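*Asks:* To be precise about what I am sending: the file is called target.pdb and holds PDB, C-alpha atoms.
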```pdb
MODEL        1
ATOM      1  CA  MET A  30     -44.162  73.792   4.146  1.00  0.00           C
ATOM      2  CA  LYS A  31     -43.636  70.206   3.172  1.00  0.00           C
ATOM      3  CA  LYS A  32     -40.896  69.574   0.597  1.00  0.00           C
ATOM      4  CA  VAL A  33     -42.273  66.218  -0.510  1.00  0.00           C
ATOM      5  CA  LEU A  34     -45.703  64.772  -0.002  1.00  0.00           C
ATOM      6  CA  SER A  35     -45.004  61.107   0.534  1.00  0.00           C
ATOM      7  CA  LEU A  36     -47.955  58.808   0.576  1.00  0.00           C
ATOM      8  CA  LEU A  37     -48.280  55.161   1.098  1.00  0.00           C
ATOM      9  CA  LEU A  38     -51.309  55.042  -1.069  1.00  0.00           C
ATOM     10  CA  VAL A  39     -53.119  52.050   0.308  1.00  0.00           C
ATOM     11  CA  CYS A  40     -56.171  52.572  -1.795  1.00  0.00           C
ATOM     12  CA  LEU A  41     -57.550  54.762  -4.492  1.00  0.00           C
ATOM     13  CA  CYS A  42     -61.220  54.147  -5.095  1.00  0.00           C
ATOM     14  CA  ALA A  43     -62.670  55.305  -8.382  1.00  0.00           C
ATOM     15  CA  VAL A  44     -66.392  54.680  -8.179  1.00  0.00           C
ATOM     16  CA  SER A  45     -67.808  54.478 -11.686  1.00  0.00           C
ATOM     17  CA  ALA A  46     -71.305  54.238 -13.091  1.00  0.00           C
ATOM     18  CA  TRP A  47     -71.193  50.529 -12.214  1.00  0.00           C
ATOM     19  CA  ALA A  48     -70.088  51.292  -8.619  1.00  0.00           C
ATOM     20  CA  SER A  49     -66.846  49.363  -8.979  1.00  0.00           C
ATOM     21  CA  ASP A  50     -63.763  50.209  -6.937  1.00  0.00           C
ATOM     22  CA  VAL A  51     -60.217  50.172  -8.238  1.00  0.00           C
ATOM     23  CA  VAL A  52     -57.687  49.719  -5.441  1.00  0.00           C
ATOM     24  CA  PHE A  53     -54.036  50.692  -5.934  1.00  0.00           C
ATOM     25  CA  ASP A  54     -51.553  49.126  -3.526  1.00  0.00           C
ATOM     26  CA  ALA A  55     -48.023  50.568  -3.647  1.00  0.00           C
ATOM     27  CA  ASN A  56     -46.634  47.171  -2.656  1.00  0.00           C
ATOM     28  CA  VAL A  57     -48.132  45.584  -5.778  1.00  0.00           C
ATOM     29  CA  THR A  58     -48.871  48.156  -8.519  1.00  0.00           C
ATOM     30  CA  LYS A  59     -45.759  50.189  -9.273  1.00  0.00           C
ATOM     31  CA  GLY A  60     -44.702  52.901 -11.699  1.00  0.00           C
ATOM     32  CA  GLN A  61     -41.396  53.178 -13.524  1.00  0.00           C
ATOM     33  CA  LEU A  62     -39.291  55.292 -11.137  1.00  0.00           C
ATOM     34  CA  SER A  63     -37.566  54.036  -8.000  1.00  0.00           C
ATOM     35  CA  ALA A  64     -37.155  57.574  -6.592  1.00  0.00           C
ATOM     36  CA  ILE A  65     -38.412  61.079  -7.273  1.00  0.00           C
ATOM     37  CA  VAL A  66     -36.176  62.637  -9.924  1.00  0.00           C
ATOM     38  CA  SER A  67     -36.271  66.372 -10.648  1.00  0.00           C
ATOM     39  CA  GLY A  68     -37.894  67.029 -14.007  1.00  0.00           C
ATOM     40  CA  GLN A  69     -39.320  63.509 -14.326  1.00  0.00           C
ATOM     41  CA  GLY A  70     -42.735  62.162 -13.652  1.00  0.00           C
ATOM     42  CA  ASP A  71     -44.250  58.744 -13.205  1.00  0.00           C
ATOM     43  CA  ASN A  72     -47.521  56.998 -13.888  1.00  0.00           C
ATOM     44  CA  VAL A  73     -49.311  53.875 -12.792  1.00  0.00           C
ATOM     45  CA  ALA A  74     -52.407  52.193 -14.232  1.00  0.00           C
ATOM     46  CA  LEU A  75     -54.811  49.525 -13.048  1.00  0.00           C
ATOM     47  CA  ASP A  76     -58.177  48.325 -14.383  1.00  0.00           C
ATOM     48  CA  GLY A  77     -58.752  51.351 -16.627  1.00  0.00           C
ATOM     49  CA  VAL A  78     -57.682  53.956 -14.041  1.00  0.00           C
ATOM     50  CA  THR A  79     -54.432  55.877 -14.604  1.00  0.00           C
ATOM     51  CA  ILE A  80     -52.560  58.154 -12.190  1.00  0.00           C
ATOM     52  CA  ASP A  81     -50.037  60.527 -13.820  1.00  0.00           C
ATOM     53  CA  CYS A  82     -47.743  62.850 -11.859  1.00  0.00           C
ATOM     54  CA  ASP A  83     -45.256  65.267 -13.408  1.00  0.00           C
ATOM     55  CA  TYR A  84     -42.931  65.061 -10.369  1.00  0.00           C
ATOM     56  CA  GLY A  85     -43.358  61.846  -8.461  1.00  0.00           C
ATOM     57  CA  ALA A  86     -42.544  58.164  -8.101  1.00  0.00           C
ATOM     58  CA  PHE A  87     -45.149  55.435  -7.706  1.00  0.00           C
ATOM     59  CA  GLY A  88     -43.982  52.381  -5.831  1.00  0.00           C
ATOM     60  CA  ALA A  89     -40.652  53.792  -4.675  1.00  0.00           C
ATOM     61  CA  GLY A  90     -39.999  52.276  -1.266  1.00  0.00           C
ATOM     62  CA  ASN A  91     -43.480  50.742  -1.427  1.00  0.00           C
ATOM     63  CA  ALA A  92     -45.048  54.209  -1.427  1.00  0.00           C
ATOM     64  CA  TYR A  93     -46.583  56.565  -3.967  1.00  0.00           C
ATOM     65  CA  ARG A  94     -44.731  59.865  -3.700  1.00  0.00           C
ATOM     66  CA  MET A  95     -45.667  63.218  -5.173  1.00  0.00           C
ATOM     67  CA  GLY A  96     -43.288  66.176  -4.989  1.00  0.00           C
ATOM     68  CA  LYS A  97     -44.225  69.622  -3.752  1.00  0.00           C
ATOM     69  CA  ASN A  98     -46.067  71.620  -6.427  1.00  0.00           C
ATOM     70  CA  SER A  99     -46.436  68.552  -8.632  1.00  0.00           C
ATOM     71  CA  ASN A 100     -49.481  68.120 -10.826  1.00  0.00           C
ATOM     72  CA  THR A 101     -51.294  64.810 -10.536  1.00  0.00           C
ATOM     73  CA  THR A 102     -54.039  63.682 -12.899  1.00  0.00           C
ATOM     74  CA  ILE A 103     -56.347  60.733 -12.321  1.00  0.00           C
ATOM     75  CA  SER A 104     -58.217  59.481 -15.359  1.00  0.00           C
ATOM     76  CA  CYS A 105     -60.614  56.634 -15.913  1.00  0.00           C
ATOM     77  CA  ALA A 106     -62.375  54.908 -18.795  1.00  0.00           C
ATOM     78  CA  THR A 107     -65.708  55.528 -17.002  1.00  0.00           C
ATOM     79  CA  ASN A 108     -67.161  58.326 -14.883  1.00  0.00           C
ATOM     80  CA  ILE A 109     -65.400  59.032 -11.578  1.00  0.00           C
ATOM     81  CA  THR A 110     -67.477  60.150  -8.594  1.00  0.00           C
ATOM     82  CA  LYS A 111     -65.176  59.503  -5.637  1.00  0.00           C
ATOM     83  CA  ILE A 112     -61.446  59.165  -4.994  1.00  0.00           C
ATOM     84  CA  VAL A 113     -60.012  58.231  -1.596  1.00  0.00           C
ATOM     85  CA  PHE A 114     -56.336  58.424  -0.630  1.00  0.00           C
ATOM     86  CA  ASP A 115     -55.384  56.576   2.556  1.00  0.00           C
ATOM     87  CA  CYS A 116     -52.122  58.143   3.690  1.00  0.00           C
ATOM     88  CA  ILE A 117     -50.079  56.051   6.061  1.00  0.00           C
ATOM     89  CA  ASP A 118     -47.080  57.743   7.613  1.00  0.00           C
ATOM     90  CA  LYS A 119     -44.281  55.183   7.730  1.00  0.00           C
ATOM     91  CA  ILE A 120     -42.194  57.169  10.230  1.00  0.00           C
ATOM     92  CA  ASN A 121     -45.077  58.334  12.440  1.00  0.00           C
ATOM     93  CA  SER A 122     -44.689  62.079  11.964  1.00  0.00           C
ATOM     94  CA  SER A 123     -47.048  64.706  10.584  1.00  0.00           C
ATOM     95  CA  TYR A 124     -44.592  65.390   7.757  1.00  0.00           C
ATOM     96  CA  TYR A 125     -46.081  62.839   5.359  1.00  0.00           C
ATOM     97  CA  GLY A 126     -49.813  63.294   5.857  1.00  0.00           C
ATOM     98  CA  GLY A 127     -52.471  64.109   3.327  1.00  0.00           C
ATOM     99  CA  ASP A 128     -52.520  67.809   4.183  1.00  0.00           C
ATOM    100  CA  GLY A 129     -50.033  68.515   1.376  1.00  0.00           C
ATOM    101  CA  PHE A 130     -52.799  68.294  -1.240  1.00  0.00           C
ATOM    102  CA  ALA A 131     -53.946  71.600  -2.723  1.00  0.00           C
ATOM    103  CA  ALA A 132     -57.506  72.494  -1.849  1.00  0.00           C
ATOM    104  CA  MET A 133     -60.109  72.029  -4.551  1.00  0.00           C
ATOM    105  CA  ASP A 134     -63.887  71.791  -4.810  1.00  0.00           C
ATOM    106  CA  GLY A 135     -65.169  68.530  -3.373  1.00  0.00           C
ATOM    107  CA  MET A 136     -61.952  67.647  -1.500  1.00  0.00           C
ATOM    108  CA  THR A 137     -61.725  67.079   2.230  1.00  0.00           C
ATOM    109  CA  VAL A 138     -58.780  66.095   4.431  1.00  0.00           C
ATOM    110  CA  SER A 139     -59.471  64.261   7.675  1.00  0.00           C
ATOM    111  CA  GLU A 140     -58.458  65.968  10.903  1.00  0.00           C
ATOM    112  CA  ASP A 141     -55.590  63.488  11.426  1.00  0.00           C
ATOM    113  CA  THR A 142     -54.530  64.024   7.748  1.00  0.00           C
ATOM    114  CA  LYS A 143     -54.617  60.259   7.126  1.00  0.00           C
ATOM    115  CA  THR A 144     -57.474  60.346   4.593  1.00  0.00           C
ATOM    116  CA  VAL A 145     -58.049  62.651   1.628  1.00  0.00           C
ATOM    117  CA  THR A 146     -61.390  62.315  -0.163  1.00  0.00           C
ATOM    118  CA  TRP A 147     -62.628  63.927  -3.347  1.00  0.00           C
ATOM    119  CA  THR A 148     -66.321  63.613  -4.200  1.00  0.00           C
ATOM    120  CA  GLY A 149     -67.911  65.032  -7.317  1.00  0.00           C
ATOM    121  CA  THR A 150     -68.665  64.132 -10.902  1.00  0.00           C
ATOM    122  CA  GLN A 151     -65.915  63.916 -13.480  1.00  0.00           C
ATOM    123  CA  LEU A 152     -67.143  62.586 -16.769  1.00  0.00           C
ATOM    124  CA  LYS A 153     -64.846  60.569 -18.967  1.00  0.00           C
TER
ENDMDL
END
```
Mind converting the file's structure to structure tokens?

*Replies:*
Amino acid sequence: MKKVLSLLLVCLCAVSAWASDVVFDANVTKGQLSAIVSGQGDNVALDGVTIDCDYGAFGAGNAYRMGKNSNTTISCATNITKIVFDCIDKINSSYYGGDGFAAMDGMTVSEDTKTVTWTGTQLK
């Protein structure tokens, strides 16, 4: 089992009623923590979309990292219908792929674990 799900979150697309995309880039949009710290969480916000994680660090080492068994919430000022995580493994191993996400309705993980997609309707 993976101890830490480490993602270089290249993009997070929140498609709203106006079909706009919000793209988070870990090289540009950073949270407060420089490393995952036990008992602490981080958050990052951009264009009305907020990502909160109770055990993670957003922008640490130019990556968004979420610890094992962490809870992550994505919220938006408008309706969300699709979220896409592009997971890029910086050390070229299967250890940091998108297969560390817990299964939920509407979520799929690509065969190579590089892309995690959630599709559904979450009203604001």

*Asks:* What is the distance, in Å and to one decimal place, between CA of Ile109 in chain A and CA of Asp141 in chain A?

*Replies:*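 Separating CA of Ile109 in chain A from CA of Asp141 in chain A is a distance of 25.4 Å.
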
*Asks:* Can you work out which one of A:Asp81, A:Asn100, A:Gln69, A:Lys143 has the shortest atom-to-atom distance to Phe114 in chain A, counting only C-alpha atoms?

*Replies:*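 Among the listed residues, the smallest separation from Phe114 in chain A belongs to A:Lys143.
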
*Asks:* Applying 10 Å and all atoms listed in the file, which residues near Thr137 in chain A remain after dropping the ones on its own chain fewer than 4 positions away? List them as a PyMOL selection string.

*Replies:* chain A and resi 113+127-128+130+132-133+142+144-148

*Asks:* From the options A:Asn91, A:Ser49, A:Asn98, A:Asn108, which residue's atoms come nearest to Gly149 in chain A, counting all atoms listed in the file?

*Replies:*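 Closest to Gly149 in chain A of all the choices is A:Asn108.
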
*Asks:* Taking the file above as input, evaluate the PyMOL selection byres ((chain A and resi 68) around 8) and report the hits as an MDAnalysis selection string.

*Replies:* chainID A and resid 66:67 69:70 83:84

*Asks:* Work out how far apart CA of Thr102 in chain A and CA of Cys82 in chain A are and give it in Å to one decimal.

*Replies:* 6.4 Å

*Asks:* With distances taken over only C-alpha atoms, which of A:Ile80, A:Ala64, A:Cys116, A:Ala55 is nearest to Gly96 in chain A?

*Replies:*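 Answer, going by the shortest atom-to-atom distance: A:Ala64.
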
*Asks:* Can you work out which one of A:Met136, A:Ala131, A:Leu75, A:Val57 has the shortest atom-to-atom distance to Lys111 in chain A, counting only C-alpha atoms?

*Replies:*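 Of the candidates, the smallest distance to Lys111 in chain A is held by A:Met136.
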